[in-house]
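Student: Here you go, my_file_22.txt (compact mmCIF, C-alpha atoms):
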# COMPACT_ATOMS: atom_id res chain seq x y z
CA MET A 1 18.24 -39.02 81.52
CA ASN A 2 15.11 -38.91 79.42
CA ARG A 3 13.45 -35.57 80.10
CA PHE A 4 10.85 -35.60 77.34
CA GLY A 5 7.40 -34.63 78.59
CA LYS A 6 3.96 -33.99 77.20
CA ILE A 7 3.49 -33.54 73.45
CA TRP A 8 1.00 -31.27 71.70
CA VAL A 9 0.31 -31.45 67.98
CA ARG A 10 -2.36 -29.22 66.41
CA LEU A 11 -3.88 -29.62 62.97
CA PRO A 12 -7.03 -28.16 61.37
CA GLU A 13 -10.06 -30.09 62.59
CA THR A 14 -11.49 -31.08 59.21
CA PRO A 15 -8.57 -31.18 56.79
CA ARG A 16 -9.57 -31.40 53.13
CA ARG A 17 -7.65 -32.99 50.29
CA GLY A 18 -5.46 -30.42 48.57
CA GLU A 19 -5.51 -28.05 51.53
CA ILE A 20 -2.30 -26.59 52.95
CA LEU A 21 -2.35 -27.54 56.62
CA GLU A 22 -0.52 -25.65 59.31
CA VAL A 23 1.01 -28.19 61.71
CA ARG A 24 1.86 -26.84 65.17
CA THR A 25 3.99 -28.96 67.50
CA LEU A 26 5.38 -28.63 71.01
CA ILE A 27 7.15 -31.02 73.35
CA VAL A 28 7.93 -30.40 77.01
CA HIS A 29 11.71 -30.48 77.49
CA PRO A 30 14.08 -28.28 79.55
CA MET A 31 16.51 -27.61 76.65
CA GLU A 32 19.34 -27.16 79.16
CA SER A 33 21.67 -25.00 77.09
CA GLY A 34 24.93 -25.76 78.89
CA PHE A 35 25.41 -22.02 79.50
CA ARG A 36 23.27 -21.82 82.65
CA LEU A 37 25.25 -21.68 85.91
CA ASP A 38 24.35 -23.14 89.29
CA ASN A 39 24.90 -21.05 92.44
CA ARG A 40 28.55 -22.13 92.64
CA GLY A 41 29.19 -20.85 89.13
CA LYS A 42 29.42 -24.30 87.56
CA PRO A 43 27.43 -24.79 84.35
CA TYR A 44 24.59 -27.30 84.30
CA PRO A 45 25.52 -29.94 81.74
CA ARG A 46 23.98 -29.45 78.31
CA HIS A 47 20.91 -31.55 77.62
CA ILE A 48 18.93 -30.51 74.56
CA VAL A 49 16.61 -31.86 71.89
CA THR A 50 18.81 -32.09 68.82
CA ARG A 51 16.41 -33.29 66.17
CA PHE A 52 12.73 -33.15 65.32
CA SER A 53 11.12 -34.79 62.32
CA CYS A 54 7.72 -35.54 60.86
CA THR A 55 6.87 -38.28 58.39
CA TYR A 56 3.62 -38.36 56.41
CA GLY A 57 2.93 -41.84 55.08
CA GLU A 58 6.34 -42.89 53.79
CA LEU A 59 7.68 -39.41 53.24
CA GLU A 60 9.71 -37.25 55.62
CA VAL A 61 7.96 -33.89 55.28
CA PHE A 62 9.81 -31.84 57.88
CA ARG A 63 13.03 -32.08 59.84
CA ALA A 64 14.79 -29.64 62.13
CA ASN A 65 18.20 -29.68 63.76
CA LEU A 66 18.07 -27.82 67.05
CA HIS A 67 20.91 -25.95 68.76
CA PRO A 68 20.96 -24.66 72.37
CA ALA A 69 19.36 -21.36 71.31
CA VAL A 70 15.96 -22.99 70.78
CA SER A 71 13.75 -22.18 73.80
CA ARG A 72 12.68 -24.77 76.35
CA ASN A 73 9.64 -26.83 75.32
CA PRO A 74 10.67 -26.61 71.66
CA TYR A 75 7.86 -25.36 69.44
CA PHE A 76 7.78 -25.69 65.66
CA THR A 77 5.17 -25.00 63.06
CA PHE A 78 5.36 -25.88 59.41
CA ASN A 79 2.99 -26.37 56.48
CA LEU A 80 1.93 -29.55 54.82
CA LEU A 81 0.05 -30.20 51.59
CA ALA A 82 -2.73 -32.72 52.38
CA THR A 83 -2.51 -35.26 49.56
CA GLN A 84 -3.67 -38.50 51.19
CA SER A 85 -5.16 -39.95 54.37
CA ALA A 86 -2.10 -41.33 56.12
CA GLU A 87 -0.36 -41.53 59.44
CA LEU A 88 1.75 -38.64 60.70
CA ILE A 89 4.66 -39.66 62.91
CA PHE A 90 6.43 -36.98 64.93
CA THR A 91 9.80 -37.88 66.45
CA TRP A 92 12.05 -35.93 68.79
CA GLU A 93 15.59 -37.02 69.69
CA ASP A 94 17.81 -35.64 72.42
CA ASP A 95 21.61 -35.56 72.71
CA GLU A 96 21.58 -38.82 74.71
CA THR A 97 19.78 -40.78 71.94
CA ASN A 98 16.46 -40.81 73.84
CA GLN A 99 13.42 -40.57 71.59
CA ALA A 100 9.84 -39.42 71.94
CA THR A 101 7.25 -40.30 69.30
CA HIS A 102 3.73 -39.12 68.61
CA ARG A 103 1.49 -40.81 66.03
CA MET A 104 -1.57 -39.27 64.52
CA ALA A 105 -3.95 -40.41 61.79
CA LEU A 106 -4.63 -37.71 59.20
CA GLU A 107 -8.11 -38.36 57.78
CA LEU A 108 -8.95 -36.17 54.81
CA THR A 109 -12.41 -35.22 53.61
CA GLY A 110 -13.36 -34.30 50.04
CA MET B 111 5.95 -9.42 45.15
CA ARG B 112 9.60 -9.54 44.24
CA GLN B 113 10.55 -10.81 40.83
CA LEU B 114 12.55 -13.99 40.75
CA PRO B 115 16.09 -13.51 39.44
CA ARG B 116 16.73 -14.32 35.80
CA PRO B 117 18.70 -17.54 35.18
CA ASP B 118 21.58 -15.62 33.58
CA ARG B 119 22.03 -13.57 36.73
CA ARG B 120 21.91 -16.69 38.85
CA GLU B 121 24.50 -18.29 36.62
CA ALA B 122 26.74 -15.24 36.91
CA LEU B 123 26.51 -15.36 40.70
CA ARG B 124 27.40 -19.03 40.70
CA VAL B 125 30.43 -18.41 38.52
CA LEU B 126 31.50 -15.58 40.81
CA GLY B 127 31.00 -17.79 43.84
CA GLY B 128 33.33 -20.49 42.60
CA GLY B 129 36.75 -20.34 44.22
CA ALA B 130 36.98 -16.99 45.94
CA ILE B 131 35.40 -16.39 49.34
CA LEU B 132 32.46 -14.11 48.64
CA LEU B 133 30.11 -13.19 51.43
CA VAL B 134 27.89 -10.44 50.06
CA TRP B 135 25.62 -10.44 53.09
CA ARG B 136 26.38 -7.06 54.70
CA PRO B 137 24.53 -6.21 57.87
CA ALA B 138 24.22 -2.64 59.13
CA CYS B 139 27.06 -3.32 61.55
CA ALA B 140 29.97 -5.67 60.93
CA ALA B 141 29.12 -9.35 61.33
CA ALA B 142 30.65 -11.11 64.33
CA PRO B 143 33.58 -13.39 63.42
CA GLU B 144 31.69 -16.35 64.96
CA LEU B 145 28.85 -15.68 62.52
CA ILE B 146 31.19 -15.50 59.56
CA SER B 147 32.72 -18.84 60.48
CA ALA B 148 29.29 -20.41 61.18
CA LEU B 149 28.09 -19.24 57.75
CA ARG B 150 31.21 -20.59 56.11
CA ASP B 151 30.73 -23.96 57.87
CA ALA B 152 27.12 -24.11 56.75
CA PHE B 153 27.33 -22.78 53.19
CA GLY B 154 30.98 -22.72 52.15
CA THR B 155 31.74 -19.79 49.92
CA THR B 156 28.43 -19.53 48.08
CA VAL B 157 27.04 -16.02 47.66
CA ILE B 158 24.14 -15.04 49.94
CA THR B 159 21.75 -12.43 48.56
CA GLU B 160 19.51 -10.39 50.85
CA ALA B 161 16.07 -10.97 49.27
CA ARG B 162 13.12 -13.39 49.01
CA VAL B 163 13.21 -14.21 52.74
CA SER B 164 11.00 -12.60 55.36
CA LEU B 165 12.07 -12.86 59.00
CA ARG B 166 9.44 -11.92 61.54
CA LEU B 167 10.59 -11.21 65.11
CA PRO B 168 9.41 -8.73 67.75
CA ARG B 169 11.33 -5.42 67.63
CA LEU B 170 11.43 -5.53 71.43
CA ALA B 171 11.63 -8.81 73.36
CA GLU B 172 11.06 -8.36 77.09
CA SER B 173 12.45 -11.83 77.74
CA GLY B 174 15.27 -13.27 75.71
CA TYR B 175 14.29 -16.76 76.84
CA VAL B 176 11.32 -17.09 74.52
CA VAL B 177 11.36 -14.98 71.38
CA PRO B 178 8.85 -16.01 68.69
CA VAL B 179 10.30 -16.17 65.19
CA THR B 180 8.74 -16.88 61.78
CA VAL B 181 10.72 -17.32 58.58
CA THR B 182 8.82 -17.26 55.29
CA VAL B 183 10.47 -17.69 51.91
CA ASP B 184 9.10 -16.49 48.58
CA SER B 185 9.12 -19.72 46.56
CA PRO B 186 6.62 -21.57 44.34
CA MET B 187 7.44 -24.80 46.26
CA SER B 188 6.99 -26.80 43.05
CA ALA B 189 8.67 -30.13 42.30
CA THR B 190 11.54 -28.36 40.56
CA ASP B 191 11.77 -25.05 42.41
CA TYR B 192 11.48 -25.25 46.18
CA VAL B 193 13.16 -24.28 49.44
CA ARG B 194 15.48 -27.02 50.61
CA SER B 195 16.30 -25.59 54.02
CA ILE B 196 16.01 -22.58 56.31
CA HIS B 197 18.73 -21.67 58.81
CA VAL B 198 18.54 -19.16 61.64
CA PHE B 199 21.60 -17.51 63.23
CA ALA B 200 21.91 -15.25 66.29
CA GLN B 201 25.35 -13.73 65.96
CA ASP B 202 25.77 -12.48 69.54
CA ASN B 203 24.66 -15.69 71.26
CA PRO B 204 27.40 -17.91 72.75
CA GLN B 205 26.72 -20.16 69.75
CA PRO B 206 25.38 -18.41 66.66
CA ARG B 207 23.44 -21.37 65.22
CA VAL B 208 19.81 -21.52 66.32
CA PHE B 209 18.05 -24.10 64.16
CA ASP B 210 18.08 -25.63 60.69
CA ALA B 211 14.77 -26.68 59.12
CA PHE B 212 14.59 -28.94 56.07
CA LEU B 213 11.66 -28.61 53.69
CA GLY B 214 10.47 -29.82 50.32
CA PRO B 215 7.72 -29.38 47.70
CA HIS B 216 5.20 -31.26 49.92
CA ASN B 217 5.25 -28.31 52.36
CA ALA B 218 3.51 -26.17 49.67
CA ARG B 219 4.30 -23.01 51.65
CA ALA B 220 7.84 -22.29 52.85
CA SER B 221 7.18 -20.99 56.33
CA VAL B 222 8.57 -22.14 59.67
CA SER B 223 7.91 -20.75 63.14
CA SER B 224 9.65 -21.45 66.42
CA ARG B 225 10.65 -19.82 69.71
CA ILE B 226 14.27 -18.99 70.37
CA ARG B 227 16.67 -17.64 72.99
CA LEU B 228 18.59 -14.41 72.50
CA ALA B 229 21.41 -13.67 74.96
CA VAL B 230 21.53 -9.93 74.22
CA SER B 231 20.07 -7.34 71.85
CA GLN B 232 21.32 -8.28 68.43
CA GLN B 233 20.73 -8.88 64.75
CA VAL B 234 19.16 -12.22 63.81
CA LEU B 235 19.80 -13.70 60.37
CA ALA B 236 17.75 -16.22 58.39
CA VAL B 237 19.19 -17.94 55.32
CA ALA B 238 17.19 -20.03 52.84
CA VAL B 239 18.78 -22.63 50.58
CA MET B 240 16.85 -23.17 47.34
CA SER B 241 16.66 -26.37 45.31
CA ASP B 242 19.05 -24.82 42.74
CA GLY B 243 21.60 -24.24 45.52
CA SER B 244 21.16 -20.45 45.62
CA LEU B 245 21.20 -18.73 49.03
CA TRP B 246 18.88 -15.91 50.15
CA SER B 247 18.64 -14.11 53.46
CA ALA B 248 16.90 -11.59 55.67
CA SER B 249 17.94 -10.07 58.97
CA ALA B 250 16.15 -8.34 61.82
CA GLU B 251 17.27 -6.32 64.82
CA VAL B 252 15.83 -7.39 68.19
CA GLU B 253 16.07 -5.33 71.38
CA VAL B 254 16.26 -7.75 74.35
CA THR B 255 15.40 -6.49 77.86
CA VAL B 256 16.37 -9.60 79.84
CA GLY B 257 18.98 -11.83 78.19
CA GLY B 258 18.05 -15.43 77.57
CA CYS B 259 21.32 -17.07 78.44
CA ASN B 260 20.68 -18.06 82.04
CA PRO B 261 17.14 -19.41 81.90
Give the structure from this file in structure tokens form.
Tutor:
Amino acid sequence: MNRFGKIWVRLPETPRRGEILEVRTLIVHPMESGFRLDNRGKPYPRHIVTRFSCTYGELEVFRANLHPAVSRNPYFTFNLLATQSAELIFTWEDDETNQATHRMALELTG
Amino acid sequence: MRQLPRPDRREALRVLGGGAILLVWRPACAAAPELISALRDAFGTTVITEARVSLRLPRLAESGYVVPVTVTVDSPMSATDYVRSIHVFAQDNPQPRVFDAFLGPHNARASVSSRIRLAVSQQVLAVAVMSDGSLWSASAEVEVTVGGCNP
């Protein structure tokens, strides 16, 4: 079952060429660890986001492999050197090969 | 600012690392066997030195479900000398691996933040892999009031 929800991506409002941007990302997802028990003591089956990546133009600039110990609604921040105006594509994949994608145009000034 | 290691020292470490199993990372208490095997799976027998990495976590986490973590690595992030990846381990969780982040020179600053689950009070470890293959680490003790294993 695809349980991806809302996506938030935050970048500085007026990014300038040559600036180091802090990229903050969050996606709504239960990150069911597989260790949580229902009231009969049976574990809920594991269902987690396993991979998150960001491409900038043609280049993959960040990738993370997630394990069950990442909190629900996985949040990641990383830095990015603003070299060109290009599209940022954020992709999340879960352990059932579902995908969620967020596209964003990065327009640089200066 | 810490000084970067001289190449001759790095070379010596690499030579030492070849063949024999050498884990020089020594926490205050003995590392859990699961952590040792997770580290061996991830990095083989390469030497891990406790330096150059800063691991920021709260000393006291009221909820183990959502513990903010920031890992920053002291690196020029140039085309030839950069952080290739950052790995976080929680040795007393049911599974010690937390996340692996892959970086490159285009990140300009080697810093990654996330939010993680900690089952019990424990020591968290962050390991950085540099572009030359060398491994560096930092660890931090976190006191957890409510464990984050049954969220």
Student: For the atom pair CA of Arg162 (chain B) and CA of Ala238 (chain B), what is the interatomic distance in Å to one decimal place?
Tutor: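 That distance, rounded to one decimal, is 8.7 Å.
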Student: Quick one: residues within 10 Å of Phe209 (chain B), only C-alpha atoms counted, chain neighbours fewer than 3 positions away excluded, as a compact mmCIF listing (two decimals) with C-alpha atoms, keeping the file's coordinate frame?
Tutor:
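Full text of selection.txt as output:
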# COMPACT_ATOMS: atom_id res chain seq x y z
CA THR A 50 18.81 -32.09 68.82
CA ARG A 51 16.41 -33.29 66.17
CA ALA A 64 14.79 -29.64 62.13
CA ASN A 65 18.20 -29.68 63.76
CA LEU A 66 18.07 -27.82 67.05
CA HIS A 67 20.91 -25.95 68.76
CA PRO A 68 20.96 -24.66 72.37
CA ALA A 69 19.36 -21.36 71.31
CA VAL A 70 15.96 -22.99 70.78
CA ILE B 196 16.01 -22.58 56.31
CA HIS B 197 18.73 -21.67 58.81
CA VAL B 198 18.54 -19.16 61.64
CA PHE B 199 21.60 -17.51 63.23
CA ALA B 200 21.91 -15.25 66.29
CA PRO B 206 25.38 -18.41 66.66
CA SER B 224 9.65 -21.45 66.42
CA ILE B 226 14.27 -18.99 70.37
CA ALA B 236 17.75 -16.22 58.39
Student: Would you mind reading off the distance between CA of Glu93 (chain A) and CA of Arg225 (chain B), one decimal, in Å?
Tutor: 17.9 Å
Student: Residues of chain B that have any atom at most 6 Å from an atom of chain A: could you tabulate them with the shortest-distance atom pair and the distance in Å to one decimal, using all atoms listed in the file, ordered by chain and increasing number, as CSV?
Tutor:
residue,atom,partner,partner_atom,distance
B:Val176,CA,A:Ser71,CA,5.7
B:Val208,CA,A:Ala69,CA,5.0
B:Phe209,CA,A:Leu66,CA,4.7
B:Asp210,CA,A:Asn65,CA,5.1
B:Ala211,CA,A:Ala64,CA,4.2
B:Phe212,CA,A:Arg63,CA,5.1
B:Leu213,CA,A:Phe62,CA,5.6
B:His216,CA,A:Leu81,CA,5.5
B:Asn217,CA,A:Leu80,CA,4.3
B:Ala218,CA,A:Leu81,CA,5.6
B:Val222,CA,A:Phe78,CA,4.9
B:Ser223,CA,A:Thr77,CA,5.1
B:Ser224,CA,A:Phe76,CA,4.7
B:Arg225,CA,A:Ser71,CA,5.6
B:Ile226,CA,A:Val70,CA,4.4
B:Arg227,CA,A:Ala69,CA,4.9
B:Asn260,CA,A:Arg36,CA,4.6
Student: For CA of Thr55 (chain A) and CA of Phe90 (chain A), quote the distance in Å rounded to one decimal.
Tutor: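 Separating CA of Thr55 (chain A) from CA of Phe90 (chain A) is a distance of 6.7 Å.
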Student: I need the residue nearest Asp202 (chain B) from this list: B:Phe153, B:Trp246, B:Thr159, B:Gln233. Use only C-alpha atoms for the distance.
Tutor: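 When distances to Asp202 (chain B) are compared using only C-alpha atoms, the smallest one comes from B:Gln233.
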Student: When you look at Ser188 (chain B) with a cut-off of 12 Å (counting only C-alpha atoms), what residues show up, excluding the ones that are within fewer than 2 positions of it in the same chain? I need them as a list in words.
Tutor: Leu81 of chain A; Asp184, Ser185, Pro186, Thr190, Asp191, Tyr192, Val193, Arg194, Leu213, Gly214, Pro215, His216, Asn217, Ala218, Arg219, Ala220, Met240 and Ser241 of chain B
Student: Fewer than 4 positions away in the same chain doesn't count, so skip those; otherwise give me all residues within 7 Å of Asp95 (chain A), counting all atoms listed in the file, as a ChimeraX atom specification.
Tutor: /A:47-50
Student: Tell me which protein, DNA and RNA residues are within 9 Å of Glu172 (chain B), counting all atoms listed in the file, leaving out same-chain ones fewer than 5 positions away, and put them as a list in words.
Tutor: Val177, Glu253, Val254, Thr255, Val256 and Gly257 of chain B
Student: Leu149 (chain B): which residues within 9 Å, counting all atoms listed in the file, same-chain residues fewer than 5 positions away excluded, as a PDB file with C-alpha atoms, in the frame of the given file?
Tutor:
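What ended up in out.pdb:
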ATOM      1  CA  LEU B 133      30.110 -13.190  51.430  1.00  0.00           C
ATOM      2  CA  GLU B 144      31.690 -16.350  64.960  1.00  0.00           C
ATOM      3  CA  GLY B 154      30.980 -22.720  52.150  1.00  0.00           C
ATOM      4  CA  THR B 155      31.740 -19.790  49.920  1.00  0.00           C
ATOM      5  CA  PHE B 199      21.600 -17.510  63.230  1.00  0.00           C
TER       6      PHE B 199
END
Student: The residues within 12 Å of (-15.1, -33.7, 48.3), using only C-alpha atoms and the coordinates of the file, should be reported as number ranges by chain; which are they?
Tutor: A: 14-19, 108-110
Student: So, with all atoms listed in the file as the atoms that count, which of B:Val179, B:Ala152, B:Val230, B:Ala142 lies closest to Ala250 (chain B)?
Tutor: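 Looking only at the distances to Ala250 (chain B), the closest residue turns out to be B:Val179.
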Student: Pull region 9-22 of chain A out of the block and emit all heavy atoms, as a compact mmCIF listing (two decimals), in the first residue's frame.
Tutor:
# COMPACT_ATOMS: atom_id res chain seq x y z
N VAL A 9 9.36 20.85 1.10
CA VAL A 9 10.77 21.11 0.81
C VAL A 9 11.00 22.60 1.02
O VAL A 9 10.25 23.43 0.50
CB VAL A 9 11.14 20.71 -0.64
CG1 VAL A 9 12.57 21.13 -0.94
CG2 VAL A 9 10.97 19.21 -0.85
N ARG A 10 11.99 22.95 1.82
CA ARG A 10 12.30 24.35 2.12
C ARG A 10 13.68 24.70 1.61
O ARG A 10 14.64 23.97 1.84
CB ARG A 10 12.26 24.61 3.63
CG ARG A 10 10.90 24.77 4.20
CD ARG A 10 10.31 26.13 3.86
NE ARG A 10 8.87 26.03 3.65
CZ ARG A 10 7.97 25.95 4.62
NH1 ARG A 10 8.35 25.96 5.87
NH2 ARG A 10 6.71 25.86 4.34
N LEU A 11 13.74 25.84 0.92
CA LEU A 11 15.01 26.38 0.43
C LEU A 11 15.03 27.87 0.76
O LEU A 11 13.97 28.45 0.99
CB LEU A 11 15.07 26.23 -1.09
CG LEU A 11 15.41 24.86 -1.65
CD1 LEU A 11 15.03 24.80 -3.11
CD2 LEU A 11 16.89 24.60 -1.49
N PRO A 12 16.21 28.51 0.77
CA PRO A 12 16.22 29.97 0.95
C PRO A 12 15.38 30.64 -0.14
O PRO A 12 15.32 30.14 -1.27
CB PRO A 12 17.70 30.33 0.80
CG PRO A 12 18.44 29.07 1.08
CD PRO A 12 17.55 27.96 0.65
N GLU A 13 14.74 31.77 0.21
CA GLU A 13 13.80 32.37 -0.73
C GLU A 13 14.47 32.98 -1.96
O GLU A 13 13.93 32.90 -3.06
CB GLU A 13 12.94 33.40 -0.02
CG GLU A 13 11.77 32.72 0.68
CD GLU A 13 10.81 33.68 1.33
OE1 GLU A 13 10.78 34.86 0.91
OE2 GLU A 13 10.10 33.24 2.25
N THR A 14 15.61 33.62 -1.78
CA THR A 14 16.29 34.22 -2.93
C THR A 14 17.71 33.65 -3.02
O THR A 14 18.67 34.32 -2.64
CB THR A 14 16.35 35.75 -2.83
OG1 THR A 14 16.89 36.07 -1.54
CG2 THR A 14 14.99 36.38 -2.99
N PRO A 15 17.83 32.42 -3.51
CA PRO A 15 19.16 31.81 -3.57
C PRO A 15 20.05 32.51 -4.60
O PRO A 15 19.59 32.86 -5.69
CB PRO A 15 18.87 30.36 -3.99
CG PRO A 15 17.54 30.42 -4.67
CD PRO A 15 16.78 31.53 -4.03
N ARG A 16 21.30 32.76 -4.20
CA ARG A 16 22.24 33.41 -5.11
C ARG A 16 23.26 32.41 -5.60
O ARG A 16 23.56 31.42 -4.91
CB ARG A 16 22.94 34.57 -4.39
CG ARG A 16 22.11 35.84 -4.33
CD ARG A 16 22.73 36.89 -3.45
NE ARG A 16 22.79 36.45 -2.05
CZ ARG A 16 23.92 36.32 -1.37
NH1 ARG A 16 25.08 36.61 -1.93
NH2 ARG A 16 23.89 35.91 -0.12
N ARG A 17 23.77 32.67 -6.80
CA ARG A 17 24.81 31.81 -7.37
C ARG A 17 26.02 31.76 -6.45
O ARG A 17 26.45 32.79 -5.94
CB ARG A 17 25.22 32.37 -8.74
CG ARG A 17 25.98 31.40 -9.61
CD ARG A 17 26.22 32.01 -10.97
NE ARG A 17 24.96 32.39 -11.63
CZ ARG A 17 24.21 31.56 -12.36
NH1 ARG A 17 24.60 30.32 -12.53
NH2 ARG A 17 23.10 31.97 -12.90
N GLY A 18 26.52 30.57 -6.20
CA GLY A 18 27.69 30.43 -5.34
C GLY A 18 27.36 30.26 -3.86
O GLY A 18 28.24 30.00 -3.05
N GLU A 19 26.10 30.44 -3.52
CA GLU A 19 25.68 30.33 -2.13
C GLU A 19 25.53 28.85 -1.75
O GLU A 19 25.19 28.01 -2.59
CB GLU A 19 24.32 31.02 -1.97
CG GLU A 19 23.89 31.30 -0.55
CD GLU A 19 22.48 31.92 -0.48
OE1 GLU A 19 22.00 32.45 -1.50
OE2 GLU A 19 21.88 31.86 0.59
N ILE A 20 25.81 28.56 -0.47
CA ILE A 20 25.55 27.19 0.02
C ILE A 20 24.14 27.19 0.60
O ILE A 20 23.85 27.89 1.56
CB ILE A 20 26.58 26.78 1.09
CG1 ILE A 20 28.00 26.83 0.52
CG2 ILE A 20 26.28 25.39 1.61
CD1 ILE A 20 29.10 26.64 1.54
N LEU A 21 23.26 26.43 -0.04
CA LEU A 21 21.86 26.41 0.37
C LEU A 21 21.61 25.27 1.34
O LEU A 21 22.10 24.16 1.14
CB LEU A 21 20.96 26.22 -0.85
CG LEU A 21 21.24 27.06 -2.08
CD1 LEU A 21 20.29 26.69 -3.21
CD2 LEU A 21 21.10 28.55 -1.74
N GLU A 22 20.84 25.54 2.38
CA GLU A 22 20.38 24.46 3.23
C GLU A 22 19.03 23.98 2.69
O GLU A 22 18.10 24.77 2.53
CB GLU A 22 20.23 24.91 4.69
CG GLU A 22 19.99 23.70 5.58
CD GLU A 22 19.71 24.06 7.03
OE1 GLU A 22 18.87 24.94 7.28
OE2 GLU A 22 20.33 23.45 7.90
